[in-house]
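What follows is my_file.txt (compact mmCIF, C-alpha atoms and all ligand atoms).
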```
# COMPACT_ATOMS: atom_id res chain seq x y z
CA MET A 278 -1.98 -20.58 -49.10
CA SER A 279 -1.39 -20.69 -45.38
CA THR A 280 -1.46 -17.80 -42.97
CA THR A 281 -0.04 -17.66 -39.50
CA ILE A 282 -1.92 -15.60 -37.00
CA GLU A 283 0.45 -14.29 -34.36
CA ARG A 284 -1.07 -14.60 -30.93
CA ILE A 285 -0.91 -11.37 -28.92
CA SER A 286 0.82 -12.21 -25.67
CA ALA A 287 -1.33 -11.87 -22.56
CA ILE A 288 1.52 -9.96 -20.90
CA ASP A 289 1.70 -7.39 -23.69
CA GLY A 290 1.62 -3.87 -22.24
CA ASN A 291 -1.15 -2.71 -24.56
CA ALA A 292 -3.35 -5.63 -23.48
CA LEU A 293 -2.77 -4.61 -19.85
CA ALA A 294 -3.66 -0.99 -20.66
CA VAL A 295 -6.97 -2.06 -22.23
CA ARG A 296 -7.92 -3.86 -19.02
CA ILE A 297 -6.82 -0.93 -16.85
CA ASP A 298 -9.25 1.23 -18.85
CA GLU A 299 -12.04 -1.35 -18.61
CA LEU A 300 -11.75 -1.52 -14.83
CA ALA A 301 -11.52 2.28 -14.57
CA ARG A 302 -14.98 2.59 -16.12
CA LEU A 303 -16.44 0.91 -13.03
CA SER A 304 -16.95 3.80 -10.64
CA ASP A 305 -19.56 4.92 -8.11
CA ASP A 306 -19.14 8.46 -9.38
CA PRO A 307 -19.73 9.01 -13.12
CA ALA A 308 -17.47 12.08 -13.11
CA CYS A 309 -14.32 10.34 -11.83
CA LEU A 310 -12.95 7.02 -10.55
CA THR A 311 -14.25 6.38 -7.04
CA ARG A 312 -14.55 2.71 -6.12
CA LEU A 313 -14.68 2.48 -2.34
CA THR A 314 -14.56 -0.96 -0.76
CA LEU A 315 -17.73 -3.10 -0.98
CA SER A 316 -19.58 -0.47 -3.05
CA PRO A 317 -21.78 -1.35 -6.07
CA SER A 318 -18.93 -0.51 -8.48
CA HIS A 319 -16.52 -2.66 -6.44
CA LYS A 320 -18.98 -5.54 -6.88
CA LYS A 321 -18.99 -4.97 -10.66
CA ALA A 322 -15.19 -4.81 -10.72
CA ALA A 323 -15.01 -8.06 -8.73
CA SER A 324 -17.32 -9.75 -11.28
CA LEU A 325 -15.14 -8.57 -14.15
CA VAL A 326 -12.04 -9.88 -12.38
CA VAL A 327 -13.79 -13.24 -11.84
CA GLU A 328 -14.49 -13.41 -15.59
CA TRP A 329 -10.88 -12.60 -16.51
CA MET A 330 -9.53 -15.14 -14.03
CA GLN A 331 -11.79 -17.87 -15.43
CA GLU A 332 -10.72 -17.03 -18.98
CA ALA A 333 -7.10 -17.38 -17.82
CA GLY A 334 -7.78 -20.92 -16.62
CA MET A 335 -8.23 -20.28 -12.90
CA GLN A 336 -10.69 -21.73 -10.37
CA VAL A 337 -12.29 -18.67 -8.80
CA ARG A 338 -14.01 -17.95 -5.50
CA LEU A 339 -15.11 -14.96 -3.44
CA ASP A 340 -14.11 -15.18 0.23
CA ALA A 341 -15.89 -13.89 3.34
CA ALA A 342 -13.87 -10.65 3.33
CA GLY A 343 -14.84 -9.74 -0.23
CA ASN A 344 -11.55 -10.83 -1.80
CA VAL A 345 -11.60 -12.50 -5.23
CA ILE A 346 -9.22 -15.48 -5.37
CA GLY A 347 -8.27 -17.31 -8.55
CA ARG A 348 -6.18 -20.48 -8.36
CA TYR A 349 -4.07 -21.85 -11.19
CA GLU A 350 -3.20 -25.39 -10.20
CA ALA A 351 0.38 -26.69 -9.97
CA GLN A 352 1.81 -29.60 -11.94
CA LYS A 353 0.78 -31.74 -8.97
CA PRO A 354 -2.63 -30.66 -7.65
CA GLY A 355 -2.60 -29.46 -4.06
CA ALA A 356 1.06 -28.36 -4.12
CA ALA A 357 2.23 -25.22 -2.27
CA LYS A 358 1.28 -21.86 -3.78
CA VAL A 359 2.65 -18.44 -4.61
CA ILE A 360 0.28 -15.50 -4.05
CA ILE A 361 0.25 -12.67 -6.60
CA ALA A 362 -2.04 -9.90 -5.44
CA SER A 363 -3.06 -6.28 -5.11
CA HIS A 364 -6.31 -4.39 -4.49
CA ILE A 365 -9.24 -3.21 -6.62
CA ASP A 366 -10.71 -0.67 -4.20
CA THR A 367 -9.66 2.94 -4.79
CA VAL A 368 -9.62 6.30 -3.02
CA ARG A 369 -12.05 9.05 -4.08
CA ASN A 370 -11.17 10.73 -7.39
CA ALA A 371 -8.50 8.08 -7.85
CA GLY A 372 -5.99 7.11 -10.49
CA ARG A 373 -6.65 3.94 -12.46
CA PHE A 374 -3.34 2.12 -11.86
CA ASP A 375 -3.03 2.03 -8.06
CA GLY A 376 -3.81 -1.56 -7.04
CA ASN A 377 -5.61 -2.49 -10.24
CA LEU A 378 -2.32 -2.86 -12.14
CA GLY A 379 -1.11 -5.55 -9.72
CA VAL A 380 -4.28 -7.61 -10.10
CA ILE A 381 -4.33 -7.31 -13.90
CA THR A 382 -0.63 -8.23 -14.11
CA GLY A 383 -1.20 -11.31 -11.93
CA ILE A 384 -4.04 -12.47 -14.16
CA ALA A 385 -1.95 -11.77 -17.28
CA VAL A 386 1.02 -13.93 -16.23
CA VAL A 387 -1.32 -16.83 -15.44
CA ASP A 388 -3.12 -16.28 -18.74
CA GLU A 389 0.23 -16.49 -20.52
CA LEU A 390 1.21 -19.70 -18.68
CA ASN A 391 -2.18 -21.17 -19.52
CA GLN A 392 -1.91 -20.25 -23.21
CA GLN A 393 1.56 -21.79 -23.36
CA GLY A 394 0.14 -24.90 -21.66
CA LYS A 395 2.63 -24.56 -18.79
CA ARG A 396 2.11 -25.68 -15.21
CA LEU A 397 4.65 -24.84 -12.50
CA PRO A 398 5.86 -26.86 -9.49
CA PHE A 399 3.67 -24.56 -7.35
CA ALA A 400 0.14 -23.26 -7.73
CA ILE A 401 -0.49 -19.56 -8.27
CA GLU A 402 -3.27 -17.77 -6.45
CA VAL A 403 -4.08 -14.35 -7.87
CA ILE A 404 -5.99 -12.25 -5.35
CA ALA A 405 -7.91 -9.00 -5.80
CA PHE A 406 -8.00 -7.65 -2.25
CA SER A 407 -11.18 -5.88 -1.22
CA ASP A 408 -9.97 -3.11 1.05
CA GLU A 409 -6.51 -1.59 0.95
CA GLU A 410 -7.20 2.13 0.96
CA GLY A 411 -9.18 2.40 4.21
CA VAL A 412 -11.29 5.28 2.90
CA ARG A 413 -14.83 4.03 3.57
CA PHE A 414 -14.18 2.49 7.00
CA ALA A 415 -11.62 3.51 9.61
CA SER A 416 -9.70 0.22 9.52
CA THR A 417 -7.43 -0.56 6.59
CA LEU A 418 -5.88 -3.57 4.79
CA SER A 419 -8.84 -5.65 6.00
CA GLY A 420 -8.91 -7.84 2.85
CA SER A 421 -5.28 -8.93 3.07
CA ARG A 422 -5.44 -9.13 6.87
CA ALA A 423 -8.30 -11.63 6.61
CA ILE A 424 -6.24 -13.82 4.28
CA ALA A 425 -3.15 -13.50 6.49
CA GLY A 426 -5.27 -14.59 9.47
CA VAL A 427 -4.89 -11.30 11.37
CA PHE A 428 -8.31 -9.76 10.75
CA GLU A 429 -9.64 -8.04 13.88
CA ALA A 430 -13.27 -9.00 14.44
CA SER A 431 -14.04 -5.51 15.79
CA CYS A 432 -13.52 -4.16 12.23
CA LEU A 433 -16.90 -5.68 11.31
CA ASP A 434 -18.55 -3.04 13.52
CA ASP A 435 -16.81 -0.12 11.78
CA THR A 436 -19.37 2.14 10.11
CA ASP A 437 -19.11 4.36 7.04
CA ALA A 438 -20.33 7.98 6.77
CA ASP A 439 -23.91 6.74 6.18
CA GLY A 440 -23.87 4.51 9.26
CA VAL A 441 -23.59 1.26 7.26
CA SER A 442 -21.44 -1.30 9.09
CA ARG A 443 -18.72 -3.32 7.40
CA ARG A 444 -20.71 -6.41 8.37
CA GLN A 445 -23.75 -5.17 6.43
CA ALA A 446 -21.63 -3.95 3.51
CA LEU A 447 -20.06 -7.42 3.22
CA ARG A 448 -23.53 -9.01 3.14
CA ASP A 449 -24.66 -6.57 0.44
CA PHE A 450 -21.51 -7.45 -1.50
CA GLY A 451 -22.41 -11.14 -1.42
CA ALA A 452 -19.86 -12.21 1.19
CA ASP A 453 -20.65 -13.90 4.50
CA PRO A 454 -19.02 -11.96 7.38
CA SER A 455 -19.85 -14.73 9.88
CA LYS A 456 -17.28 -16.91 8.06
CA ILE A 457 -14.51 -14.31 8.01
CA GLU A 458 -12.12 -16.50 10.00
CA ASP A 459 -12.36 -19.10 7.22
CA ALA A 460 -10.84 -16.54 4.83
CA ALA A 461 -7.42 -17.11 6.43
CA CYS A 462 -5.31 -19.09 4.03
CA ASN A 463 -2.83 -21.84 4.86
CA LEU A 464 0.37 -19.82 5.03
CA VAL A 465 2.48 -22.89 5.85
CA ASN A 466 1.65 -23.99 2.34
CA THR A 467 2.45 -20.57 0.82
CA LEU A 468 5.89 -19.95 -0.69
CA ALA A 469 5.71 -16.22 -1.31
CA TYR A 470 3.62 -13.07 -1.59
CA LEU A 471 4.33 -11.06 -4.75
CA GLU A 472 2.89 -7.71 -5.80
CA VAL A 473 3.39 -5.37 -8.76
CA HIS A 474 2.41 -1.78 -7.92
CA ILE A 475 3.01 1.69 -9.30
CA GLU A 476 5.72 3.46 -7.34
CA GLN A 477 3.51 6.42 -6.30
CA GLY A 478 6.72 8.43 -5.95
CA PRO A 479 9.37 10.12 -8.12
CA MET A 480 12.46 7.88 -7.72
CA LEU A 481 12.19 5.67 -10.82
CA GLU A 482 11.30 8.55 -13.11
CA ALA A 483 14.22 10.57 -11.77
CA ARG A 484 16.55 7.68 -12.66
CA ASN A 485 14.88 7.09 -16.02
CA LEU A 486 14.06 3.49 -15.09
CA PRO A 487 10.76 1.71 -15.84
CA LEU A 488 10.97 -0.73 -12.92
CA GLY A 489 12.43 -1.12 -9.46
CA ILE A 490 12.78 -3.84 -6.84
CA VAL A 491 11.33 -2.97 -3.45
CA THR A 492 13.64 -3.69 -0.50
CA ALA A 493 11.19 -2.80 2.27
CA ILE A 494 7.82 -1.25 2.95
CA ASN A 495 8.66 1.49 5.41
CA GLY A 496 7.61 1.28 9.01
CA ALA A 497 5.84 4.24 10.59
CA THR A 498 5.39 5.87 13.98
CA ARG A 499 2.48 8.26 14.23
CA GLY A 500 1.03 10.24 17.06
CA GLU A 501 0.38 13.64 18.59
CA VAL A 502 2.52 16.18 20.40
CA VAL A 503 0.80 18.33 23.02
CA VAL A 504 2.59 21.56 23.99
CA LYS A 505 1.34 23.37 27.09
CA GLY A 506 2.34 26.92 27.97
CA GLU A 507 0.15 29.62 29.42
CA ALA A 508 -2.48 31.66 27.61
CA GLY A 509 -2.31 35.43 28.03
CA HIS A 510 -3.42 38.81 26.65
CA SER A 511 -1.56 39.60 23.44
CA GLY A 512 -1.51 43.30 24.28
CA THR A 513 -0.45 43.31 27.92
CA LEU A 514 1.94 40.35 28.27
CA PRO A 515 5.59 41.42 27.63
CA MET A 516 7.57 39.20 25.30
CA SER A 517 10.02 38.27 28.04
CA MET A 518 7.27 36.90 30.31
CA ARG A 519 5.47 34.75 27.77
CA ARG A 520 5.15 30.95 27.78
CA ASP A 521 3.89 30.81 24.19
CA ALA A 522 2.99 27.24 23.18
CA MET A 523 2.84 28.12 19.48
CA THR A 524 6.29 29.67 19.11
CA ALA A 525 7.64 26.67 21.06
CA ALA A 526 5.79 24.33 18.67
CA ALA A 527 7.22 26.22 15.69
CA GLU A 528 10.77 25.67 16.96
CA MET A 529 9.97 22.02 17.66
CA ILE A 530 8.64 21.46 14.13
CA LEU A 531 11.82 22.91 12.63
CA ALA A 532 13.87 20.66 14.93
CA ILE A 533 11.89 17.63 13.70
CA GLU A 534 12.63 18.60 10.10
CA ALA A 535 16.33 19.09 10.87
CA ARG A 536 16.57 15.69 12.60
CA ALA A 537 14.94 13.87 9.67
CA ARG A 538 17.23 15.66 7.20
CA ARG A 539 20.30 14.31 9.01
CA ASP A 540 19.31 10.72 8.12
CA ALA A 541 18.81 9.75 4.46
CA ASP A 542 16.61 6.82 5.50
CA VAL A 543 14.11 8.80 7.59
CA VAL A 544 11.23 11.11 6.69
CA ALA A 545 9.29 13.06 9.31
CA THR A 546 6.18 15.15 8.77
CA VAL A 547 4.01 17.47 10.84
CA GLY A 548 0.81 17.51 8.81
CA ARG A 549 -1.65 19.07 11.22
CA VAL A 550 -1.31 21.85 13.79
CA GLU A 551 -4.11 22.98 16.07
CA ILE A 552 -4.40 25.87 18.52
CA PRO A 553 -7.52 25.03 20.57
CA ASN A 554 -9.48 28.22 21.34
CA GLY A 555 -6.86 30.21 19.42
CA ALA A 556 -7.63 33.86 18.66
CA VAL A 557 -5.85 36.84 17.17
CA ASN A 558 -5.49 38.53 20.58
CA ILE A 559 -4.46 35.56 22.72
CA VAL A 560 -0.92 34.29 23.34
CA PRO A 561 -1.41 30.55 22.70
CA GLY A 562 -1.39 28.43 25.84
CA LEU A 563 -1.99 25.07 24.17
CA VAL A 564 -0.92 23.59 20.81
CA LYS A 565 -1.40 20.09 19.44
CA PHE A 566 0.40 18.84 16.35
CA SER A 567 0.65 15.50 14.56
CA LEU A 568 3.91 13.66 13.96
CA ASP A 569 4.56 10.98 11.33
CA VAL A 570 8.03 9.36 11.17
CA ARG A 571 8.84 6.67 8.58
CA SER A 572 11.83 4.59 7.60
CA SER A 573 12.72 1.28 5.97
CA SER A 574 14.88 0.65 9.07
CA ASP A 575 13.13 0.17 12.41
CA VAL A 576 16.40 1.01 14.18
CA ALA A 577 16.74 4.31 12.28
CA ARG A 578 13.07 5.16 12.89
CA ASN A 579 13.20 4.42 16.62
CA ARG A 580 16.43 6.41 16.96
CA ALA A 581 14.85 9.36 15.17
CA VAL A 582 11.78 9.25 17.43
CA THR A 583 14.02 9.13 20.54
CA ASP A 584 16.09 12.08 19.27
CA ILE A 585 12.96 14.05 18.43
CA GLU A 586 11.58 13.47 21.94
CA ALA A 587 14.87 14.72 23.40
CA ASP A 588 14.76 17.81 21.16
CA LEU A 589 11.18 18.53 22.20
CA ALA A 590 12.12 18.29 25.89
CA LYS A 591 15.10 20.61 25.41
CA ILE A 592 13.08 23.23 23.56
CA ALA A 593 10.23 22.96 26.06
CA MET A 594 12.62 23.51 28.97
CA ALA A 595 14.24 26.57 27.37
CA ARG A 596 10.84 28.08 26.65
CA ARG A 597 9.25 27.14 29.99
CA VAL A 598 6.50 25.04 28.43
CA SER A 599 5.83 21.29 28.53
CA ALA A 600 5.76 18.93 25.53
CA GLN A 601 4.53 15.36 25.41
CA PHE A 602 4.54 13.01 22.42
CA THR A 603 2.03 10.14 22.48
CA ALA A 604 2.31 7.53 19.73
CA SER A 605 -1.01 6.17 18.46
CA TYR A 606 0.38 3.91 15.73
CA ASP A 607 3.59 1.98 15.47
CA MET A 608 4.10 -0.29 12.48
CA PRO A 609 7.47 -2.01 11.91
CA ALA A 610 8.96 -2.08 8.41
CA THR A 611 8.17 -5.04 6.18
CA ILE A 612 11.54 -6.19 4.88
CA CYS A 613 11.29 -7.84 1.47
CA ASP A 614 12.70 -11.36 1.34
CA ALA A 615 16.38 -11.45 0.33
CA ALA A 616 16.00 -14.61 -1.80
CA ILE A 617 13.08 -13.09 -3.72
CA VAL A 618 14.95 -9.81 -4.17
CA GLY A 619 17.84 -11.88 -5.55
CA ALA A 620 15.56 -13.80 -7.91
CA MET A 621 13.99 -10.53 -9.06
CA SER A 622 17.47 -9.17 -9.78
CA ARG A 623 18.11 -12.20 -12.01
CA ALA A 624 14.81 -11.66 -13.84
CA PHE A 625 15.68 -7.99 -14.30
CA ALA A 626 19.13 -8.87 -15.67
CA GLN A 627 17.63 -11.49 -17.97
CA ASN A 628 15.54 -8.70 -19.49
CA GLY A 629 18.48 -6.30 -19.73
CA ARG A 630 17.19 -4.15 -16.89
CA GLU A 631 19.15 -2.56 -14.09
CA PRO A 632 18.01 -4.16 -10.80
CA PHE A 633 17.46 -0.83 -9.05
CA MET A 634 16.45 -1.19 -5.39
CA LEU A 635 14.22 1.23 -3.54
CA GLY A 636 12.07 1.42 -0.41
CA SER A 637 8.33 1.94 -0.40
CA GLY A 638 7.27 5.08 1.41
CA ALA A 639 3.60 4.13 1.08
CA GLY A 640 1.88 1.23 2.82
CA HIS A 641 0.76 -1.87 0.90
CA ASP A 642 -1.15 -5.13 1.40
CA GLY A 643 2.16 -7.00 1.72
CA MET A 644 2.45 -5.54 5.25
CA SER A 645 -0.29 -7.94 6.36
CA PHE A 646 2.08 -10.84 5.64
CA ARG A 647 5.09 -9.37 7.47
CA GLY A 648 6.98 -12.06 9.37
CA ARG A 649 4.63 -14.76 8.07
CA ILE A 650 5.71 -15.51 4.50
CA PRO A 651 8.40 -14.08 2.18
CA VAL A 652 7.23 -10.82 0.57
CA GLY A 653 8.45 -9.32 -2.71
CA MET A 654 7.31 -6.24 -4.66
CA ILE A 655 8.09 -4.74 -8.06
CA PHE A 656 7.47 -1.02 -8.58
CA VAL A 657 6.49 0.48 -11.92
CA ARG A 658 7.43 4.05 -12.83
CA CYS A 659 4.51 6.49 -12.72
CA ARG A 660 4.55 9.85 -14.44
CA GLY A 661 5.61 12.71 -12.20
CA GLY A 662 5.39 10.37 -9.20
CA VAL A 663 1.70 11.32 -9.10
CA SER A 664 -0.80 8.96 -7.43
CA HIS A 665 -4.20 9.11 -5.71
CA ASN A 666 -5.04 11.53 -8.49
CA PRO A 667 -6.79 11.14 -11.90
CA ALA A 668 -3.49 12.21 -13.54
CA GLU A 669 -1.83 8.98 -12.34
CA TYR A 670 -0.19 7.29 -15.35
CA ALA A 671 2.02 4.31 -16.16
CA SER A 672 2.88 3.59 -19.80
CA PRO A 673 1.89 0.35 -21.57
CA ALA A 674 5.60 -0.32 -22.20
CA ASP A 675 6.45 -0.06 -18.50
CA MET A 676 3.49 -2.23 -17.47
CA GLY A 677 4.44 -4.83 -20.07
CA ALA A 678 8.02 -4.81 -18.76
CA ALA A 679 6.75 -5.51 -15.23
CA ALA A 680 4.58 -8.41 -16.43
CA ARG A 681 7.53 -9.86 -18.37
CA VAL A 682 9.82 -9.73 -15.33
CA LEU A 683 7.13 -11.28 -13.12
CA PHE A 684 6.62 -14.04 -15.69
CA ASP A 685 10.35 -14.81 -15.84
CA LEU A 686 10.55 -14.72 -12.04
CA LEU A 687 7.89 -17.45 -11.84
CA LEU A 688 9.83 -19.61 -14.30
CA ASP A 689 13.03 -19.26 -12.21
CA SER A 690 13.05 -22.63 -10.47
CA GLY A 691 15.26 -21.41 -7.64
CA ALA A 692 13.18 -18.36 -6.78
CA PHE A 693 10.86 -19.92 -4.19
CA ALA A 694 12.89 -22.91 -3.02
ZN ZN B 701 -2.30 0.68 -3.78
```
Take the structure in this file and express it as structure tokens.
Ligand SMILES: [Zn+2]
Amino acid sequence: MSTTIERISAIDGNALAVRIDELARLSDDPACLTRLTLSPSHKKAASLVVEWMQEAGMQVRLDAAGNVIGRYEAQKPGAAKVIIASHIDTVRNAGRFDGNLGVITGIAVVDELNQQGKRLPFAIEVIAFSDEEGVRFASTLSGSRAIAGVFEASCLDDTDADGVSRRQALRDFGADPSKIEDAACNLVNTLAYLEVHIEQGPMLEARNLPLGIVTAINGATRGEVVVKGEAGHSGTLPMSMRRDAMTAAAEMILAIEARARRDADVVATVGRVEIPNGAVNIVPGLVKFSLDVRSSSDVARNRAVTDIEADLAKIAMARRVSAQFTASYDMPATICDAAIVGAMSRAFAQNGREPFMLGSGAGHDGMSFRGRIPVGMIFVRCRGGVSHNPAEYASPADMGAAARVLFDLLLDSGAFA
């Protein structure tokens, strides 16, 4: 009597879900998932990822920025590589899929290649980035920036809430911050950057689709608007004589909303308003509010910012106040590579899936590689569009579908030519 034992595929959605749960148990807070960069639980998660990568047939190393890198060699050793990556740090009270899914999926596709005894014309490097969320230290994307060769040395002096520097945290983690420049990888020899990530938004669910192809990671302009009028006594100053900075700001905020609504590709948000020295019996003389404008098109974003500045000036003039917008952050959009988007569409079609395209409203590690190597991302539907929240959820079926598409994409010989 002979029996055949069916091998469970490494890219099976249930296998991915088991690993998501295993990683989620590694937390600095026993009550919820909190795995800030370079923390003790991050170190444990990195060790687990090292183990999984080795089991999948990869050569593994930890770099000076705390990234875990596993290499699955090409048919010809030393050939060019494709990077598949995401991050294993989390926000406080996080969901278990954000970042972790991309790392687990990368390991799974290599595992599957290895079990099938397949080597590709290019090597695959799966990377678990150390610091995407930017929660512990002020700077963000430091793991992927180190690999892209754009790490700013001043970030080593950033300190956390307990006064621990990034430099010290890296040492405690087992990385050598003095060698951080060596973490930069040879991008000339890198064919593509690929990432699977949960959508963190409602678009895929609304369309009843498990997966989407990302066309761009939106650019953002952020800064502060300062409105200056004149403070006065709320009881004695007639309405007609007021130069109220707050009512002017209110009109400006509505104008910002109206401008963003006129353009389907732009979102604009005022998330913080402050009346310094405000009181119930004072007509506000000074208001400061934040402005965040995002778009997948730099042209559309810049046009929106210009229009908003013109609106602010007009409203300020009519209300006899002044308004000044100062940008503190300006990040262009990362446009996903057209050839990779095309190859992803083929892999989607091959699996009977609609190649639905969408932009990413949230930032991702791929931004570190903007303009350097071709970037491609696949989004996975998440329930209710909820993320950065313990309720974050992607189904095993959807995760398995993403791994399958990624696997087929790698086998498409024309994808990274
Ligand atoms: Zn993420």
### Query
Excluding same-chain residues fewer than 3 positions from segment 435-439 of chain A, what lies within 6 Å of it counting all atoms listed in the file, as a PyMOL selection string?
chain A and resi 413-414+432+442-443
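Shortest separation to Gly420 of chain A among A:Asn344, A:Ser664, A:Asn495, A:Ser690 occurs at residue A:Asn344, atoms counted being all atoms listed in the file.
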Report the centre and edge lengths, in Å to one decimal, of an axis-aligned box enclosing every atom of segment 614-628 of chain A listed in the file, padded by 4 Å on each side, as lines of an AutoDock Vina configuration file.
```
center_x = 15.9
center_y = -11.3
center_z = -9.1
size_x = 14.4
size_y = 14.6
size_z = 28.8
```
### Query
Which of these residues is nearest to ligand ZN 701 (chain B), using all atoms listed in the file: A:Gln352, A:Gln477, A:Thr603, A:Ser419?
A:Gln477
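The binding environment of ligand ZN 701 (chain B), defined as every protein, DNA or RNA residue with an atom no more than 9 Å away and counting all atoms listed in the file, comprises A:Ser363, A:His364, A:Ile365, A:Asp366, A:Thr367, A:Phe374, A:Asp375, A:Gly376, A:Asn377, A:Gly379, A:Glu409, A:Glu410, A:His474, A:Ile475, A:Gln477, A:Ala639, A:Gly640, A:His641, A:Asp642, A:His665.
The space between atom CA of Leu563 of chain A and atom CA of Thr546 of chain A spans 20.1 Å.
Separating atom CA of Ile288 of chain A from atom CA of Arg660 of chain A is a distance of 21.1 Å.
Of note, atom CA of Gly290 of chain A and atom CA of Lys395 of chain A are spaced 21.0 Å apart.
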Contacts of Val557 of chain A at 12 Å (all atoms listed in the file; same-chain gap of 5+ positions) as a short mmCIF file (atom, residue, chain, number, x, y, z; two decimals) with C-alpha atoms, in the coordinates of the input:
```
data_model
loop_
_atom_site.label_atom_id
_atom_site.label_comp_id
_atom_site.auth_asym_id
_atom_site.auth_seq_id
_atom_site.Cartn_x
_atom_site.Cartn_y
_atom_site.Cartn_z
CA GLY A 509 -2.31 35.43 28.03
CA HIS A 510 -3.42 38.81 26.65
CA SER A 511 -1.56 39.60 23.44
CA GLY A 512 -1.51 43.30 24.28
CA ILE A 552 -4.40 25.87 18.52
#
```
Name the residues in contact with Ala535 of chain A at a cut-off of 12 Å, using all atoms listed in the file, excluding same-chain residues fewer than 3 positions from it; report them as a PDB file with C-alpha atoms, in the frame of the given file.
```pdb
ATOM      1  CA  GLU A 528      10.770  25.670  16.960  1.00  0.00           C
ATOM      2  CA  MET A 529       9.970  22.020  17.660  1.00  0.00           C
ATOM      3  CA  ILE A 530       8.640  21.460  14.130  1.00  0.00           C
ATOM      4  CA  LEU A 531      11.820  22.910  12.630  1.00  0.00           C
ATOM      5  CA  ALA A 532      13.870  20.660  14.930  1.00  0.00           C
ATOM      6  CA  ARG A 538      17.230  15.660   7.200  1.00  0.00           C
ATOM      7  CA  ARG A 539      20.300  14.310   9.010  1.00  0.00           C
ATOM      8  CA  ASP A 540      19.310  10.720   8.120  1.00  0.00           C
ATOM      9  CA  ALA A 541      18.810   9.750   4.460  1.00  0.00           C
ATOM     10  CA  VAL A 543      14.110   8.800   7.590  1.00  0.00           C
ATOM     11  CA  VAL A 544      11.230  11.110   6.690  1.00  0.00           C
ATOM     12  CA  ALA A 545       9.290  13.060   9.310  1.00  0.00           C
ATOM     13  CA  THR A 546       6.180  15.150   8.770  1.00  0.00           C
ATOM     14  CA  ALA A 581      14.850   9.360  15.170  1.00  0.00           C
ATOM     15  CA  ASP A 584      16.090  12.080  19.270  1.00  0.00           C
ATOM     16  CA  ILE A 585      12.960  14.050  18.430  1.00  0.00           C
ATOM     17  CA  ASP A 588      14.760  17.810  21.160  1.00  0.00           C
TER      18      ASP A 588
END
```
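Here the question is which of A:Gly383, A:Gly562, A:Pro667, A:Gly653 gets nearest to Gly506 of chain A using all atoms listed in the file, and that residue is A:Gly562.
Using only C-alpha atoms, the residues found no farther than 9 Å from Arg519 of chain A, other than those of its own chain fewer than 3 positions away, are Gly506, Glu507, Ala508, Gly509, Leu514, Pro515, Met516, Val560, Arg596 and Arg597 of chain A.
Using all atoms listed in the file, the residues found no farther than 9 Å from Lys456 of chain A, other than those of its own chain fewer than 2 positions away, are A:Asp340, A:Ala341, A:Ala342, A:Ala452, A:Asp453, A:Pro454, A:Glu458, A:Asp459, A:Ala460.
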Any chance you could export the current selection's C-alpha atoms as a compact mmCIF listing (two decimals), in the coordinates of the input?
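Once written, out.txt looks like this:
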```txt
# COMPACT_ATOMS: atom_id res chain seq x y z
CA ASP A 340 -14.11 -15.18 0.23
CA ALA A 341 -15.89 -13.89 3.34
CA ALA A 342 -13.87 -10.65 3.33
CA ALA A 452 -19.86 -12.21 1.19
CA ASP A 453 -20.65 -13.90 4.50
CA PRO A 454 -19.02 -11.96 7.38
CA GLU A 458 -12.12 -16.50 10.00
CA ASP A 459 -12.36 -19.10 7.22
CA ALA A 460 -10.84 -16.54 4.83
```
### Proximity to Ile424 of chain A - best of A:Ser572, A:Glu472, A:Phe646, A:Val465, all atoms listed in the file
A:Phe646
### Summary
Restricting to only C-alpha atoms, whichever of A:Val663, A:Val503, A:Val564, A:Val387 is closest to Glu586 of chain A is A:Val503
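Closest approach to Gly334 of chain A from the set A:Leu378, A:Ile285, A:Ile384, A:Leu303 is made by A:Ile384, with distances taken over all atoms listed in the file.
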N, CA and C atoms are what I want for segment 369-376 of chain A; can you complete it accordingly and write them as a short mmCIF file (atom, residue, chain, number, x, y, z; two decimals), keeping the file's coordinate frame?
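So the final result, stored in out04.cif, reads:
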```
data_model
loop_
_atom_site.label_atom_id
_atom_site.label_comp_id
_atom_site.auth_asym_id
_atom_site.auth_seq_id
_atom_site.Cartn_x
_atom_site.Cartn_y
_atom_site.Cartn_z
N ARG A 369 -11.15 8.20 -3.31
CA ARG A 369 -12.05 9.05 -4.08
C ARG A 369 -11.25 9.82 -5.12
N ASN A 370 -11.84 9.99 -6.32
CA ASN A 370 -11.17 10.73 -7.39
C ASN A 370 -9.78 10.15 -7.64
N ALA A 371 -9.75 8.83 -7.83
CA ALA A 371 -8.50 8.08 -7.85
C ALA A 371 -7.85 8.03 -9.23
N GLY A 372 -6.63 7.51 -9.25
CA GLY A 372 -5.99 7.11 -10.49
C GLY A 372 -6.39 5.69 -10.81
N ARG A 373 -6.16 5.26 -12.05
CA ARG A 373 -6.65 3.94 -12.46
C ARG A 373 -5.64 2.81 -12.27
N PHE A 374 -4.40 3.14 -11.91
CA PHE A 374 -3.34 2.12 -11.86
C PHE A 374 -3.10 1.57 -10.46
N ASP A 375 -3.29 2.41 -9.45
CA ASP A 375 -3.03 2.03 -8.06
C ASP A 375 -3.83 0.77 -7.70
N GLY A 376 -3.15 -0.32 -7.41
CA GLY A 376 -3.81 -1.56 -7.04
C GLY A 376 -4.24 -2.38 -8.23
#
```
